[in-house]
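*Asks:* Provided herewith is a single structure, encoded as structure tokens, for subsequent inquiry.
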Amino acid sequence: MKNLKSWRYPMLLLTGIGIANIGEWIYFLSLNLIVLKETGSAFAVSILYLIRPAAVLMTNGWSGSIIDRCNKRNMMMSLDFIRAAFIAVLPLMFTVWSLFSIYCIVFLIQMANAMFRPCSMAYVTMLIPAERRKRFNSLRALSESGAFLLGPAAAGLLFIAGTPIFAIWVNAAALVLSGFITMMLPSLENEPHVHSPAQKLSLAVYKEDWKLVYRFSRTARNVMIIYFLFSLVMTVMPSALDSLEAAFAKEVLQLTDADYGFLVSVSGAGVIAGALVNVFFNKKMPASLLMGMGSLFTAAGYMIYAFSDVFWTAAFGFFLLAFFLAFANTGFQTFYQKNVPVDIMGRVGSFYSLVEAVFIIVVTAVFGAAAVSSSVRGIVIAGAAVMLALAAILCSFLFAASKRRTPDVFQADQFKQT
């Protein structure tokens, strides 16, 4: 009973995040359909996918300074309500049909998303004791995997029952519910051990914060190298490769629409299977092993997919890479929470997310341009090979870090807010 009571707040947090994740899938799929229907342009839809990294570039240079100085529970709650309000406004934009105004609203929603992620990471680190974080992160991976399947399924049912606009309003309601659930969580900044001073923000403060992130990156050089390599392997390269996924399936594998849909379903099954296995077995494995094994096998799955000539080989590659996503993400989140002081977690996460967004835009643009003049298969193979090589380098750094006897946790005292 006592153990169950201790998981009350973590389960509330997981519920709120899960509802928001499912709603995000419903909203984005609905938006894609509406924009495609109204414009008949695939390019107009593709712009929606570029708005997210653009919003990160606009937001993450300054948002970390706010996150580290604010009440994180209240900020998460406010961001849920703000996103709900903007999403509820979207259908009104469809009535007057201004594509530019829709892009602007979506940009504001993505700015809120960009702030929510590092804020929730810092709050989780404060709420969950160190010995329970790996289990919580595995459950969070399972929740996100469930959203990966339930979100599109729920969107499909809502499309049958109503319209994409109705589905968007359902998503707004889901975010309001998530906000009220977050309201039930404890406000940790009220605790005496939590350091969160109020400070008037200015350009000078932002400069000092960027210098602080730089000093931390130098002090914790090995940690940030691992962070950056993981970001390249698990976010940047997959984003670039996924941009060519449809072209590869259609032009190289010669798949029908039904075959391609089944291939995506195989990926979904792999995500759920991997997340379930991860929940039951992650306790026996250190975070570094989860991260290294997950990234290496994910890259191997992409390599199998890149060299495939028939559907079933591609399906096996998809299942493999999807299966190990939960392992990699659980290991990374636990590693990040252990090695980055919570006092500066918002600034560190926001700054490196900004760098990550730049790499996503550049690498995706390079892959897209190269695919115009070269074969799609050649570009996908080259990208998968780079991804696998980076994963191997990441594993070597993780192995070296695990061999060191010195503690890998950096003290927050020298990085306190001023």
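Every chain in the structure tokens takes a letter, A first, then B, and so on in the order presented; its residues are numbered from 1, and the ligands are numbered from 1 following the presented order.
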Could the residues of region 191-299 of chain A that have an atom at most 9 Å from region 310-324 of chain A be listed as a Markdown table, each with its closest atom pair and the distance in Å to one decimal, counting only C-alpha atoms and ordered by chain and ascending residue number?
*Replies:*
| residue | atom | partner | partner_atom | distance |
| --- | --- | --- | --- | --- |
| A:Ala249 | CA | A:Phe311 | CA | 8.9 |
| A:Leu253 | CA | A:Val310 | CA | 6.2 |
| A:Gln254 | CA | A:Val310 | CA | 8.7 |
| A:Leu255 | CA | A:Phe311 | CA | 7.5 |
| A:Asp259 | CA | A:Phe311 | CA | 7.9 |
| A:Tyr260 | CA | A:Phe311 | CA | 9.0 |
| A:Phe262 | CA | A:Ala315 | CA | 8.7 |
| A:Leu263 | CA | A:Ala315 | CA | 5.8 |
| A:Val264 | CA | A:Phe318 | CA | 8.0 |
| A:Val266 | CA | A:Phe319 | CA | 5.9 |
| A:Ser267 | CA | A:Phe319 | CA | 5.0 |
| A:Gly268 | CA | A:Ala322 | CA | 7.3 |
| A:Ala269 | CA | A:Phe319 | CA | 7.2 |
| A:Gly270 | CA | A:Phe323 | CA | 4.4 |
| A:Val271 | CA | A:Ala322 | CA | 4.7 |
| A:Ile272 | CA | A:Phe323 | CA | 7.4 |
| A:Ala273 | CA | A:Phe323 | CA | 6.2 |
| A:Gly274 | CA | A:Phe323 | CA | 4.1 |
| A:Ala275 | CA | A:Phe323 | CA | 7.2 |
| A:Val277 | CA | A:Phe323 | CA | 9.0 |
| A:Asn278 | CA | A:Phe324 | CA | 8.6 |
| A:Leu290 | CA | A:Phe324 | CA | 8.9 |
| A:Met293 | CA | A:Phe324 | CA | 7.8 |
| A:Gly294 | CA | A:Phe324 | CA | 4.8 |
| A:Ser295 | CA | A:Phe324 | CA | 7.3 |
| A:Leu296 | CA | A:Phe324 | CA | 8.8 |
| A:Phe297 | CA | A:Leu321 | CA | 6.3 |
| A:Thr298 | CA | A:Leu321 | CA | 3.9 |
| A:Ala299 | CA | A:Leu321 | CA | 6.8 |
*Asks:* Please, which residues of region 243-290 of chain A, numbered as in this document, come out helix (DSSP H, G or I) from DSSP, as a PyMOL selection string?
*Replies:* chain A and resi 245-252+257-284+287-290
*Asks:* I'd like to know which of A:Val376, A:Ala44, A:Ile381, A:Ala401 is closest to Ile304 (chain A), using only C-alpha atoms.
*Replies:* A:Ile381
*Asks:* Name all residues at most 9 Å from Gln110 (chain A) (count only C-alpha atoms; drop same-chain ones fewer than 5 positions away) and give them as a PDB file with N, CA and C atoms, in the first residue's frame.
*Replies:*
ATOM      1  N   ILE A  51       7.829  23.589 -39.460  1.00  0.00           N
ATOM      2  CA  ILE A  51       7.512  24.599 -38.449  1.00  0.00           C
ATOM      3  C   ILE A  51       8.086  24.217 -37.092  1.00  0.00           C
ATOM      4  N   ARG A  52       8.080  22.910 -36.753  1.00  0.00           N
ATOM      5  CA  ARG A  52       8.566  22.497 -35.439  1.00  0.00           C
ATOM      6  C   ARG A  52      10.028  22.889 -35.213  1.00  0.00           C
ATOM      7  N   PRO A  53      10.980  22.481 -36.090  1.00  0.00           N
ATOM      8  CA  PRO A  53      12.364  22.912 -35.838  1.00  0.00           C
ATOM      9  C   PRO A  53      12.529  24.427 -35.908  1.00  0.00           C
ATOM     10  N   ALA A  54      11.712  25.098 -36.750  1.00  0.00           N
ATOM     11  CA  ALA A  54      11.788  26.558 -36.802  1.00  0.00           C
ATOM     12  C   ALA A  54      11.342  27.171 -35.473  1.00  0.00           C
ATOM     13  N   ALA A  55      10.311  26.585 -34.860  1.00  0.00           N
ATOM     14  CA  ALA A  55       9.832  27.071 -33.560  1.00  0.00           C
ATOM     15  C   ALA A  55      10.876  26.843 -32.473  1.00  0.00           C
ATOM     16  N   VAL A  56      11.559  25.702 -32.557  1.00  0.00           N
ATOM     17  CA  VAL A  56      12.632  25.425 -31.594  1.00  0.00           C
ATOM     18  C   VAL A  56      13.740  26.464 -31.718  1.00  0.00           C
ATOM     19  N   ARG A  83      -1.704  25.837 -25.196  1.00  0.00           N
ATOM     20  CA  ARG A  83      -1.813  25.014 -26.409  1.00  0.00           C
ATOM     21  C   ARG A  83      -3.262  24.682 -26.725  1.00  0.00           C
ATOM     22  N   ILE A 105      -0.457  30.162 -36.211  1.00  0.00           N
ATOM     23  CA  ILE A 105      -1.012  29.513 -35.013  1.00  0.00           C
ATOM     24  C   ILE A 105      -0.243  28.235 -34.705  1.00  0.00           C
ATOM     25  N   MET A 115       8.899  24.518 -25.323  1.00  0.00           N
ATOM     26  CA  MET A 115       9.131  24.888 -23.926  1.00  0.00           C
ATOM     27  C   MET A 115       8.699  23.770 -22.975  1.00  0.00           C
TER      28      MET A 115
END
*Asks:* Rank A:Ala300, A:Leu212, A:Thr364, A:Tyr352 by their smallest atom-to-atom distance to Ala389 (chain A), using only C-alpha atoms, and report the top residue only.
*Replies:*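 Smallest separation from Ala389 (chain A) among the options: A:Ala300.
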*Asks:* Using only C-alpha atoms, find the one residue out of A:Ser353, A:Ser239, A:Ser46, A:Asn171 that sits nearest to Glu24 (chain A).
*Replies:*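 Going through A:Ser353, A:Ser239, A:Ser46, A:Asn171 one by one, the smallest distance to Glu24 (chain A) is for A:Asn171.
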*Asks:* With distances taken over only C-alpha atoms, which residue among A:Met237, A:Met58, A:Tyr27, A:Thr15 lies nearest Ser350 (chain A)?
*Replies:*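 Looking at the shortest contact to Ser350 (chain A), the residue is A:Met58.
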*Asks:* Just checking: using only C-alpha atoms, which residue out of A:Leu241, A:Ala174, A:Val348, A:Phe116 ends up closest to Ala365 (chain A)?
*Replies:*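 Among the listed residues, A:Leu241 lies closest to Ala365 (chain A).
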*Asks:* Identify, on the basis of only C-alpha atoms, every residue whose closest approach to Met77 (chain A) does not exceed 12 Å; exclude the query and any residue fewer than 6 positions from it along the same chain; express the result as a PyMOL selection string.
*Replies:* chain A and resi 13+16-17+20+71+83-84+112+115-116+119-120+123+175-187
